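Reviewing the structure listed below.
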Amino acid sequence: MRYQRSSELFAEAKKYIPGGVNSPVRAFKAVGGEPIFIKQAKGAYLYDEDGNQYIDYISSWGPLLFGHAHGPVINAVIEKAQKGTSFGIPTEVETDLAKLAVNMVPNIDKIRFVNSGTEACMSAVRLARGYTGKDKIIKFAGCYHGHSDSFLIQAGSGAVTFGSPNSPGVTQGTAKDTLLADYNNLESVKALVEANKGEIAGIILEPVAGNMGCIVPSEDFIKGLREICTQEEILLLFDEVMTGFRLAKGGAQEALGIDADIVMFGKVIGGGLPVGAFAARAEIMAHLAPEGPVYQAGTLSGNPLAMGAGLAMLTEINQNPEVFDNLMQKTEYLHKGIAEVLTEKGIVHQINRFGSMISVHFCEHPVVDFASSANGNNDTFKKYFHGMLEQGIYLPPSAFESYFLNDAISYSDLAKTLEAVRKVF
Ligand SMILES: *Cc1c(COP(=O)(O)O)cnc(C)c1O
């Protein structure tokens, strides 16, 4: 049996870990069947416990821009580990990574490191509230900002996959401060701002959404948000946990030409280790403890292992700035190839793409927001996912997730992938 050992490991895992996984989307609930267990990976390829090889299109959900076990990142981790993994006392490498990030990203003077994207978004909203003295935030249906309470209101990704966008355990008190708008719908934002005059601290969004498939913001929408925020003294929070250091050196701010007030990072900034960060102008960051009164802390924040990996990753990006163009071209090639096969086979589809993010939706109408993303044919998606898996292609196991290409994927890997799509359909 192709997945024999994975199946045994999953059964054992379920005895000791809820659902057998440490993050829900990994359990394959959205596509049925059982997850594969990974033994190791290198470059573009994953190898499971049964010895099957896969071309990996999730890249650990984004961080691995250059592929798995990338030499410079691994060397940095080994070198740091030999000198001690954490001290809870300042180290030079924290400043090295901060300086590099601040120089790469527009509109930020200072950055604070945390351990996950969830922490980054949670802390950024606290800072926005502390800075503005206002309580409410606007978020968009289908946008995911990690699993902290304020954001589990129509969150995308794993949270939707399970059909429980409003998780039990989130109190009414918390939920009432999170106002919900529709992506790419400026009118829905204007109505909320009008009805909550002077009460909104921030508008938070994925500047290119990746947790309801990949959804590109219209120019009117993203520019309109910036204007509303400036007019109403609301902070614009860009959750660049996915897009930061992936769409461009300066992330979505650079790629879209829009200035945000607070920017959150995760994924690529840690090079595959647990790192998140939030950043803003010095005047906003001055409100953060110990400089200011807004509290935020972390025992393992800025530990040398994580900082070393992040520094190696951002240094690689600076030394290979063509990586973004290469990835974009590979993703475009994949897009065209998949569209060609699906069209030829008469399968109704929409493909969304921005830079190295792409998603395939089995539906008739353009996918521009959460409702249109939720419209896809899930039976076709399941067949596609499992068919591709059998052909050695690892795609995100949910129609609400974007693919993340890594630069270790070659054109021959892409051609193999297209061949697999043809076989599946
Ligand atoms: C992954 C993700 C997060 C959460 O990051 P974690 O490290 O999983 O906590 C937040 N926002 C966006 C846009 C993400 O894609």
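All residue names refer to the structure tokens as shown: chains lettered A, B, ... in order, residues numbered from 1 in each chain, ligands numbered from 1 in order.
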Give the helix (DSSP H, G or I) residues of region 344-385 of chain A, as DSSP finds them on the backbone, and put them as a PDB file with all heavy atoms, in the first residue's frame.
```pdb
ATOM      1  N   GLU A 344      -8.988  22.411 -22.098  1.00  0.00           N
ATOM      2  CA  GLU A 344      -9.042  21.317 -23.062  1.00  0.00           C
ATOM      3  C   GLU A 344      -9.993  20.208 -22.588  1.00  0.00           C
ATOM      4  O   GLU A 344     -10.730  19.626 -23.373  1.00  0.00           O
ATOM      5  CB  GLU A 344      -7.623  20.785 -23.202  1.00  0.00           C
ATOM      6  CG  GLU A 344      -7.382  19.805 -24.308  1.00  0.00           C
ATOM      7  CD  GLU A 344      -5.956  19.271 -24.180  1.00  0.00           C
ATOM      8  OE1 GLU A 344      -5.012  20.094 -24.160  1.00  0.00           O
ATOM      9  OE2 GLU A 344      -5.810  18.032 -24.072  1.00  0.00           O
ATOM     10  N   PHE A 370     -14.573  36.104  -0.132  1.00  0.00           N
ATOM     11  CA  PHE A 370     -14.800  34.827   0.542  1.00  0.00           C
ATOM     12  C   PHE A 370     -15.978  34.058  -0.049  1.00  0.00           C
ATOM     13  O   PHE A 370     -15.894  32.850  -0.294  1.00  0.00           O
ATOM     14  CB  PHE A 370     -15.005  35.053   2.043  1.00  0.00           C
ATOM     15  CG  PHE A 370     -15.278  33.787   2.789  1.00  0.00           C
ATOM     16  CD1 PHE A 370     -14.351  32.759   2.800  1.00  0.00           C
ATOM     17  CD2 PHE A 370     -16.477  33.604   3.466  1.00  0.00           C
ATOM     18  CE1 PHE A 370     -14.596  31.573   3.473  1.00  0.00           C
ATOM     19  CE2 PHE A 370     -16.732  32.420   4.144  1.00  0.00           C
ATOM     20  CZ  PHE A 370     -15.795  31.405   4.140  1.00  0.00           C
ATOM     21  N   ALA A 371     -17.078  34.767  -0.317  1.00  0.00           N
ATOM     22  CA  ALA A 371     -18.281  34.099  -0.843  1.00  0.00           C
ATOM     23  C   ALA A 371     -17.993  33.423  -2.183  1.00  0.00           C
ATOM     24  O   ALA A 371     -18.368  32.264  -2.400  1.00  0.00           O
ATOM     25  CB  ALA A 371     -19.420  35.108  -0.978  1.00  0.00           C
ATOM     26  N   SER A 372     -17.295  34.123  -3.075  1.00  0.00           N
ATOM     27  CA  SER A 372     -17.022  33.519  -4.385  1.00  0.00           C
ATOM     28  C   SER A 372     -16.001  32.387  -4.259  1.00  0.00           C
ATOM     29  O   SER A 372     -16.047  31.419  -5.019  1.00  0.00           O
ATOM     30  CB  SER A 372     -16.567  34.569  -5.404  1.00  0.00           C
ATOM     31  OG  SER A 372     -15.607  35.435  -4.879  1.00  0.00           O
ATOM     32  N   SER A 373     -15.112  32.483  -3.283  1.00  0.00           N
ATOM     33  CA  SER A 373     -14.136  31.407  -3.072  1.00  0.00           C
ATOM     34  C   SER A 373     -14.826  30.144  -2.545  1.00  0.00           C
ATOM     35  O   SER A 373     -14.456  29.025  -2.902  1.00  0.00           O
ATOM     36  CB  SER A 373     -13.055  31.861  -2.093  1.00  0.00           C
ATOM     37  OG  SER A 373     -12.173  30.806  -1.814  1.00  0.00           O
ATOM     38  N   ASN A 378     -16.261  21.285  -4.509  1.00  0.00           N
ATOM     39  CA  ASN A 378     -15.302  20.614  -3.631  1.00  0.00           C
ATOM     40  C   ASN A 378     -15.044  19.159  -4.022  1.00  0.00           C
ATOM     41  O   ASN A 378     -13.978  18.621  -3.743  1.00  0.00           O
ATOM     42  CB  ASN A 378     -15.722  20.730  -2.158  1.00  0.00           C
ATOM     43  CG  ASN A 378     -14.501  20.723  -1.240  1.00  0.00           C
ATOM     44  OD1 ASN A 378     -13.466  21.291  -1.578  1.00  0.00           O
ATOM     45  ND2 ASN A 378     -14.615  20.047  -0.112  1.00  0.00           N
ATOM     46  N   ASP A 379     -16.001  18.532  -4.684  1.00  0.00           N
ATOM     47  CA  ASP A 379     -15.774  17.153  -5.139  1.00  0.00           C
ATOM     48  C   ASP A 379     -14.664  17.116  -6.186  1.00  0.00           C
ATOM     49  O   ASP A 379     -13.792  16.249  -6.151  1.00  0.00           O
ATOM     50  CB  ASP A 379     -17.059  16.548  -5.711  1.00  0.00           C
ATOM     51  CG  ASP A 379     -18.060  16.244  -4.606  1.00  0.00           C
ATOM     52  OD1 ASP A 379     -17.611  16.054  -3.452  1.00  0.00           O
ATOM     53  OD2 ASP A 379     -19.269  16.227  -4.880  1.00  0.00           O
ATOM     54  N   THR A 380     -14.716  18.063  -7.113  1.00  0.00           N
ATOM     55  CA  THR A 380     -13.669  18.134  -8.132  1.00  0.00           C
ATOM     56  C   THR A 380     -12.333  18.438  -7.467  1.00  0.00           C
ATOM     57  O   THR A 380     -11.303  17.852  -7.805  1.00  0.00           O
ATOM     58  CB  THR A 380     -14.002  19.232  -9.178  1.00  0.00           C
ATOM     59  OG1 THR A 380     -15.323  19.010  -9.647  1.00  0.00           O
ATOM     60  CG2 THR A 380     -13.030  19.195 -10.340  1.00  0.00           C
ATOM     61  N   PHE A 381     -12.371  19.366  -6.500  1.00  0.00           N
ATOM     62  CA  PHE A 381     -11.126  19.714  -5.811  1.00  0.00           C
ATOM     63  C   PHE A 381     -10.509  18.495  -5.136  1.00  0.00           C
ATOM     64  O   PHE A 381      -9.303  18.257  -5.214  1.00  0.00           O
ATOM     65  CB  PHE A 381     -11.345  20.839  -4.788  1.00  0.00           C
ATOM     66  CG  PHE A 381     -10.044  21.262  -4.147  1.00  0.00           C
ATOM     67  CD1 PHE A 381      -9.224  22.194  -4.765  1.00  0.00           C
ATOM     68  CD2 PHE A 381      -9.601  20.674  -2.973  1.00  0.00           C
ATOM     69  CE1 PHE A 381      -7.994  22.550  -4.216  1.00  0.00           C
ATOM     70  CE2 PHE A 381      -8.376  21.017  -2.413  1.00  0.00           C
ATOM     71  CZ  PHE A 381      -7.575  21.962  -3.031  1.00  0.00           C
ATOM     72  N   LYS A 382     -11.341  17.693  -4.458  1.00  0.00           N
ATOM     73  CA  LYS A 382     -10.842  16.493  -3.769  1.00  0.00           C
ATOM     74  C   LYS A 382     -10.199  15.515  -4.739  1.00  0.00           C
ATOM     75  O   LYS A 382      -9.141  14.954  -4.474  1.00  0.00           O
ATOM     76  CB  LYS A 382     -11.990  15.775  -3.049  1.00  0.00           C
ATOM     77  CG  LYS A 382     -12.448  16.450  -1.782  1.00  0.00           C
ATOM     78  CD  LYS A 382     -13.582  15.628  -1.168  1.00  0.00           C
ATOM     79  CE  LYS A 382     -14.264  16.407  -0.071  1.00  0.00           C
ATOM     80  NZ  LYS A 382     -15.455  15.719   0.448  1.00  0.00           N
ATOM     81  N   LYS A 383     -10.877  15.313  -5.880  1.00  0.00           N
ATOM     82  CA  LYS A 383     -10.337  14.399  -6.895  1.00  0.00           C
ATOM     83  C   LYS A 383      -8.996  14.906  -7.401  1.00  0.00           C
ATOM     84  O   LYS A 383      -8.048  14.144  -7.582  1.00  0.00           O
ATOM     85  CB  LYS A 383     -11.315  14.295  -8.081  1.00  0.00           C
ATOM     86  CG  LYS A 383     -12.341  13.207  -7.895  1.00  0.00           C
ATOM     87  CD  LYS A 383     -13.252  13.104  -9.129  1.00  0.00           C
ATOM     88  CE  LYS A 383     -14.649  12.750  -8.687  1.00  0.00           C
ATOM     89  NZ  LYS A 383     -15.698  13.304  -9.556  1.00  0.00           N
ATOM     90  N   TYR A 384      -8.956  16.193  -7.660  1.00  0.00           N
ATOM     91  CA  TYR A 384      -7.730  16.845  -8.134  1.00  0.00           C
ATOM     92  C   TYR A 384      -6.622  16.664  -7.101  1.00  0.00           C
ATOM     93  O   TYR A 384      -5.528  16.192  -7.422  1.00  0.00           O
ATOM     94  CB  TYR A 384      -8.056  18.316  -8.356  1.00  0.00           C
ATOM     95  CG  TYR A 384      -6.906  19.245  -8.672  1.00  0.00           C
ATOM     96  CD1 TYR A 384      -6.078  19.041  -9.770  1.00  0.00           C
ATOM     97  CD2 TYR A 384      -6.698  20.386  -7.895  1.00  0.00           C
ATOM     98  CE1 TYR A 384      -5.054  19.931 -10.071  1.00  0.00           C
ATOM     99  CE2 TYR A 384      -5.680  21.282  -8.187  1.00  0.00           C
ATOM    100  CZ  TYR A 384      -4.855  21.048  -9.270  1.00  0.00           C
ATOM    101  OH  TYR A 384      -3.861  21.931  -9.555  1.00  0.00           O
ATOM    102  N   PHE A 385      -6.911  16.991  -5.856  1.00  0.00           N
ATOM    103  CA  PHE A 385      -5.887  16.913  -4.807  1.00  0.00           C
ATOM    104  C   PHE A 385      -5.322  15.498  -4.670  1.00  0.00           C
ATOM    105  O   PHE A 385      -4.103  15.291  -4.700  1.00  0.00           O
ATOM    106  CB  PHE A 385      -6.441  17.392  -3.453  1.00  0.00           C
ATOM    107  CG  PHE A 385      -5.475  17.133  -2.343  1.00  0.00           C
ATOM    108  CD1 PHE A 385      -4.396  17.976  -2.134  1.00  0.00           C
ATOM    109  CD2 PHE A 385      -5.595  15.995  -1.540  1.00  0.00           C
ATOM    110  CE1 PHE A 385      -3.458  17.715  -1.139  1.00  0.00           C
ATOM    111  CE2 PHE A 385      -4.660  15.726  -0.542  1.00  0.00           C
ATOM    112  CZ  PHE A 385      -3.594  16.585  -0.345  1.00  0.00           C
TER     113      PHE A 385
END
```
Query - Near-ligand residues for ligand 1, threshold 9 Å, only C-alpha atoms and all ligand atoms, as a PyMOL selection string - result: chain A and resi 23+61-62+115-121+143-148+157+205-211+238-243+264-267+274-276
Query raised in the report: Mind pulling up the distance from CA of Asp50 (chain A) to CA of Thr417 (chain A)?
Result: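 We find that CA of Thr417 (chain A) and CA of Asp50 (chain A) lie 20.8 Å from each other.
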**Report entry** CA of Ala30 (chain A) to CA of His361 (chain A), distance in Å rounded to a single decimal
**Finding:**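 Between these atoms lies a distance of 14.3 Å.
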Query - Neighbour list for region 401-409 of chain A as a PyMOL selection string, cut-off 9 Å, only C-alpha atoms, skip fewer than 6 positions in-chain - result: chain A and resi 42-45+55-68+156-158+209-215+323-324+326-328+330-331+353+356-360+395
Report task. Run DSSP on the backbone of this structure and report the residues of region 162-231 of chain A it assigns to strand (DSSP E or B), as a VMD selection string. Result -> chain A and resid 178 to 181 200 to 205 209 215
Keeping N, CA, C and O atoms, export the residues of the selection given above as a compact mmCIF listing (two decimals), in the first residue's frame.
```txt
# COMPACT_ATOMS: atom_id res chain seq x y z
N THR A 178 -14.70 43.27 16.79
CA THR A 178 -14.21 42.95 15.45
C THR A 178 -15.35 43.11 14.44
O THR A 178 -16.32 42.37 14.48
N LEU A 179 -15.24 44.11 13.59
CA LEU A 179 -16.27 44.36 12.58
C LEU A 179 -15.86 43.69 11.29
O LEU A 179 -14.68 43.67 10.93
N LEU A 180 -16.85 43.15 10.59
CA LEU A 180 -16.56 42.31 9.44
C LEU A 180 -16.98 42.96 8.12
O LEU A 180 -18.14 43.31 7.94
N ALA A 181 -16.02 43.12 7.21
CA ALA A 181 -16.31 43.66 5.88
C ALA A 181 -16.00 42.61 4.82
O ALA A 181 -15.43 41.56 5.13
N ILE A 200 -12.86 53.27 15.51
CA ILE A 200 -12.07 52.21 14.87
C ILE A 200 -10.57 52.49 14.95
O ILE A 200 -10.09 53.52 14.47
N ALA A 201 -9.85 51.55 15.56
CA ALA A 201 -8.40 51.70 15.73
C ALA A 201 -7.67 51.33 14.45
O ALA A 201 -6.70 51.99 14.07
N GLY A 202 -8.13 50.28 13.80
CA GLY A 202 -7.39 49.81 12.64
C GLY A 202 -8.22 48.98 11.67
O GLY A 202 -9.24 48.40 12.03
N ILE A 203 -7.78 48.99 10.43
CA ILE A 203 -8.32 48.07 9.42
C ILE A 203 -7.19 47.10 9.10
O ILE A 203 -6.09 47.52 8.75
N ILE A 204 -7.48 45.81 9.29
CA ILE A 204 -6.44 44.80 9.07
C ILE A 204 -6.82 43.92 7.89
O ILE A 204 -7.98 43.52 7.75
N LEU A 205 -5.85 43.66 7.02
CA LEU A 205 -6.13 42.76 5.90
C LEU A 205 -4.87 42.09 5.39
O LEU A 205 -3.75 42.55 5.67
N ALA A 209 -4.68 38.37 -0.56
CA ALA A 209 -5.20 37.34 0.32
C ALA A 209 -4.69 35.97 -0.12
O ALA A 209 -4.55 35.71 -1.32
N ILE A 215 -6.34 35.74 -3.56
CA ILE A 215 -7.23 36.78 -4.08
C ILE A 215 -6.49 38.11 -4.14
O ILE A 215 -5.90 38.57 -3.16
```
